[in-house]
Amino acid sequence: MSNLKALRRAKEQQHSRQSGNGAMASTHEDQSEGPSRPHLVSVQKQDGVDTPGTAREGEIIPPTHQMREKIAGSGLLDDRTRGTQQADMAEADLEARLADVLHHYSDVAKEQSLGDILIIRKNVGTIRDKYIDIGLKLYAIQQATPEVYKAITRDPSLIDLTSDSDISKLRTVGEAISSKKVRIEWLPKSKEAAYEVAKLDHGVIQEGLKSGQIGPHAKVTAVKAWVKSKTSRPLLGSLDTIDSIDEKIGVLLRRKEEIEAEAERRIGLITLEIRDLKQKKQVLLAQGDADQ
């Protein structure tokens, strides 16, 4: 066991001792067992003398190594135990990969840094779930209430976004998922990279998956470079089919809708600016008349 794991185990044992003060062990009459119950030991005192491997009356001791192996073999490991094992494996992997830099710091600093990295990993894992959920809901709004969707694109602050381009990109991702062109597990963690994938034809996406260019860890620059390399050279031997033509038409229609929505938004902004300028002009004219 590494020093960091030993330090963490010591803290857990200290916490267990503190939370277990004053608590009584289960009696021998309570024979209930289960993956979520702690293994408690209650024995009679032996003339005030403790023998190795035994516990005082009412004392709680952790299960022995043999007992742990028996529990593991019987399939009684609960979610908390499995989660602890996974956390240990993740921490060990991080510690090994960062060994060259971790040796500069104390065990306490190492543990803090590794713990922060594990938390960051967990939060990063939720980023994709969140942008996918937003994209699906935006697409649903567009399908059910198109005018509401247009209003959102004109005023992104309605959904606490600052850019209408983000709305369009997220909606494109939501549509690609809803149409089953892509699966959620294929999409990169970055919404920008996911958007680049969602724009592609189904056949291109499949090719990217097979070649490893598309996947959860794909970066937006890598996806763009790969797509550019494909479109910059002729696709020899490729023939259009009815399905591929329909798919291309669908892509163009969606692009047309995006351009129209963007144009409508820009026209709206220009109209508002013209109105403001006319109002200022009227104010200035009124002031001039008053001066005369």
# chains A, B, ... in the order shown; residues from 1 in each chain; ligands from 1

$ residues_around --residues "range 204-206 of chain A" --least-positions-apart "5" --cutoff "12 Å" --atoms "only C-alpha atoms" --output "JSON, numbers by chain"
{"A": [176, 180, 181, 182, 183, 186, 187, 194, 196, 197, 198, 199, 211, 212, 213, 214, 215, 223, 226, 227, 228, 230, 231, 235, 244, 247, 248]}

$ write_last_selection --atoms "N, CA, C and O atoms" --output "CSV table (one decimal), in the first residue's frame"
chain,number,residue,atom,x,y,z
A,176,ALA,N,-29.2,15.5,-33.7
A,176,ALA,CA,-28.5,14.3,-34.1
A,176,ALA,C,-28.7,13.1,-33.2
A,176,ALA,O,-28.8,12.0,-33.7
A,180,LYS,N,-31.2,9.7,-34.0
A,180,LYS,CA,-30.4,8.4,-33.9
A,180,LYS,C,-29.3,8.4,-34.9
A,180,LYS,O,-28.8,7.3,-35.3
A,181,LYS,N,-28.9,9.6,-35.4
A,181,LYS,CA,-27.7,9.6,-36.3
A,181,LYS,C,-26.4,9.3,-35.4
A,181,LYS,O,-25.5,8.7,-35.9
A,182,VAL,N,-26.5,9.7,-34.2
A,182,VAL,CA,-25.3,9.4,-33.3
A,182,VAL,C,-25.9,8.9,-32.0
A,182,VAL,O,-27.0,9.1,-31.6
A,183,ARG,N,-25.0,8.2,-31.3
A,183,ARG,CA,-25.4,7.7,-30.0
A,183,ARG,C,-24.6,8.6,-29.0
A,183,ARG,O,-23.5,9.1,-29.2
A,186,TRP,N,-21.0,8.0,-28.2
A,186,TRP,CA,-20.0,8.3,-29.3
A,186,TRP,C,-19.5,9.8,-29.2
A,186,TRP,O,-18.4,10.1,-29.7
A,187,LEU,N,-20.2,10.6,-28.5
A,187,LEU,CA,-19.9,12.0,-28.5
A,187,LEU,C,-18.8,12.4,-27.6
A,187,LEU,O,-18.6,11.8,-26.5
A,194,ALA,N,-18.4,17.9,-30.0
A,194,ALA,CA,-19.7,17.1,-30.3
A,194,ALA,C,-20.5,17.8,-31.4
A,194,ALA,O,-21.1,17.1,-32.2
A,196,GLU,N,-19.2,19.4,-34.0
A,196,GLU,CA,-18.5,19.0,-35.2
A,196,GLU,C,-18.9,17.6,-35.7
A,196,GLU,O,-19.0,17.3,-36.8
A,197,VAL,N,-19.1,16.7,-34.7
A,197,VAL,CA,-19.5,15.3,-35.0
A,197,VAL,C,-20.9,15.3,-35.5
A,197,VAL,O,-21.3,14.6,-36.4
A,198,ALA,N,-21.8,16.1,-34.7
A,198,ALA,CA,-23.2,16.0,-35.0
A,198,ALA,C,-23.5,16.6,-36.4
A,198,ALA,O,-24.5,16.2,-37.0
A,199,LYS,N,-22.7,17.4,-37.0
A,199,LYS,CA,-22.9,18.0,-38.3
A,199,LYS,C,-22.6,16.9,-39.4
A,199,LYS,O,-23.1,17.1,-40.6
A,211,SER,N,-12.1,4.3,-37.2
A,211,SER,CA,-10.7,4.7,-37.3
A,211,SER,C,-10.2,5.3,-36.0
A,211,SER,O,-9.0,5.6,-35.9
A,212,GLY,N,-11.2,5.5,-35.0
A,212,GLY,CA,-10.8,6.1,-33.8
A,212,GLY,C,-10.7,7.6,-33.7
A,212,GLY,O,-10.3,8.2,-32.7
A,213,GLN,N,-11.1,8.3,-34.8
A,213,GLN,CA,-11.1,9.7,-34.9
A,213,GLN,C,-12.2,10.4,-34.2
A,213,GLN,O,-12.2,11.6,-33.8
A,214,ILE,N,-13.3,9.6,-34.0
A,214,ILE,CA,-14.5,10.1,-33.3
A,214,ILE,C,-14.7,9.2,-32.0
A,214,ILE,O,-14.6,8.0,-32.1
A,215,GLY,N,-15.0,9.9,-30.9
A,215,GLY,CA,-15.2,9.2,-29.7
A,215,GLY,C,-15.2,10.1,-28.5
A,215,GLY,O,-15.0,11.3,-28.6
A,223,VAL,N,-10.9,16.6,-34.7
A,223,VAL,CA,-12.1,16.3,-35.5
A,223,VAL,C,-12.1,17.1,-36.8
A,223,VAL,O,-12.4,16.7,-37.9
A,226,TRP,N,-9.5,16.1,-39.2
A,226,TRP,CA,-9.8,14.8,-39.9
A,226,TRP,C,-10.9,15.0,-41.0
A,226,TRP,O,-10.7,14.5,-42.1
A,227,VAL,N,-11.9,15.8,-40.6
A,227,VAL,CA,-12.9,16.1,-41.6
A,227,VAL,C,-12.4,16.8,-42.8
A,227,VAL,O,-12.7,16.5,-44.0
A,228,LYS,N,-11.5,17.8,-42.6
A,228,LYS,CA,-10.9,18.6,-43.6
A,228,LYS,C,-10.1,17.7,-44.6
A,228,LYS,O,-10.1,17.8,-45.8
A,230,LYS,N,-10.6,14.7,-45.2
A,230,LYS,CA,-11.5,13.8,-46.1
A,230,LYS,C,-12.1,14.6,-47.2
A,230,LYS,O,-12.3,14.1,-48.3
A,231,THR,N,-12.5,15.9,-46.9
A,231,THR,CA,-13.2,16.7,-47.9
A,231,THR,C,-12.2,17.3,-48.9
A,231,THR,O,-12.6,17.8,-49.9
A,235,LEU,N,-13.4,11.5,-53.2
A,235,LEU,CA,-13.7,10.2,-52.7
A,235,LEU,C,-13.9,9.2,-53.8
A,235,LEU,O,-15.0,9.2,-54.5
A,244,SER,N,-28.5,8.2,-49.2
A,244,SER,CA,-27.4,9.2,-49.0
A,244,SER,C,-27.9,10.5,-49.5
A,244,SER,O,-27.6,11.6,-49.0
A,247,GLU,N,-30.2,12.0,-47.0
A,247,GLU,CA,-29.5,12.5,-45.9
A,247,GLU,C,-28.8,13.8,-46.2
A,247,GLU,O,-28.8,14.7,-45.3
A,248,LYS,N,-28.3,14.0,-47.4
A,248,LYS,CA,-27.6,15.2,-47.8
A,248,LYS,C,-28.7,16.4,-47.8
A,248,LYS,O,-28.4,17.5,-47.4

$ closest_atom_pairs --of "range 148-240 of chain A" --to "range 112-124 of chain A" --cutoff "12 Å" --atoms "only C-alpha atoms" --output "CSV"
residue,atom,partner,partner_atom,distance
A:Pro188,CA,A:Val124,CA,11.4
A:Lys189,CA,A:Val124,CA,7.7
A:Ser190,CA,A:Val124,CA,9.5
A:Lys191,CA,A:Val124,CA,11.9
A:Pro216,CA,A:Val124,CA,11.7
A:His217,CA,A:Val124,CA,11.7

$ write_last_selection --atoms "N, CA and C atoms" --output "compact mmCIF listing (two decimals), in the first residue's frame"
# COMPACT_ATOMS: atom_id res chain seq x y z
N PRO A 188 -17.95 13.34 -28.00
CA PRO A 188 -16.85 13.83 -27.15
C PRO A 188 -17.39 14.58 -25.94
N LYS A 189 -16.53 14.76 -24.95
CA LYS A 189 -16.93 15.49 -23.75
C LYS A 189 -17.12 16.98 -24.03
N SER A 190 -16.38 17.50 -24.98
CA SER A 190 -16.49 18.91 -25.35
C SER A 190 -17.70 19.13 -26.25
N LYS A 191 -18.53 20.13 -25.93
CA LYS A 191 -19.70 20.40 -26.77
C LYS A 191 -19.29 20.91 -28.15
N PRO A 216 -15.38 9.58 -27.28
CA PRO A 216 -15.52 10.42 -26.08
C PRO A 216 -14.33 11.33 -25.82
N HIS A 217 -13.12 10.90 -26.25
CA HIS A 217 -11.92 11.68 -25.94
C HIS A 217 -11.45 12.53 -27.13

$ closest_residue --among "A:Lys137, A:Arg265, A:Lys110, A:Lys219" --to "Ile159 in chain A" --atoms "only C-alpha atoms"
A:Lys137

$ closest_residue --among "A:Thr221, A:Ala151, A:Asp129, A:Ala92" --to "Glu111 in chain A" --atoms "only C-alpha atoms"
A:Ala92
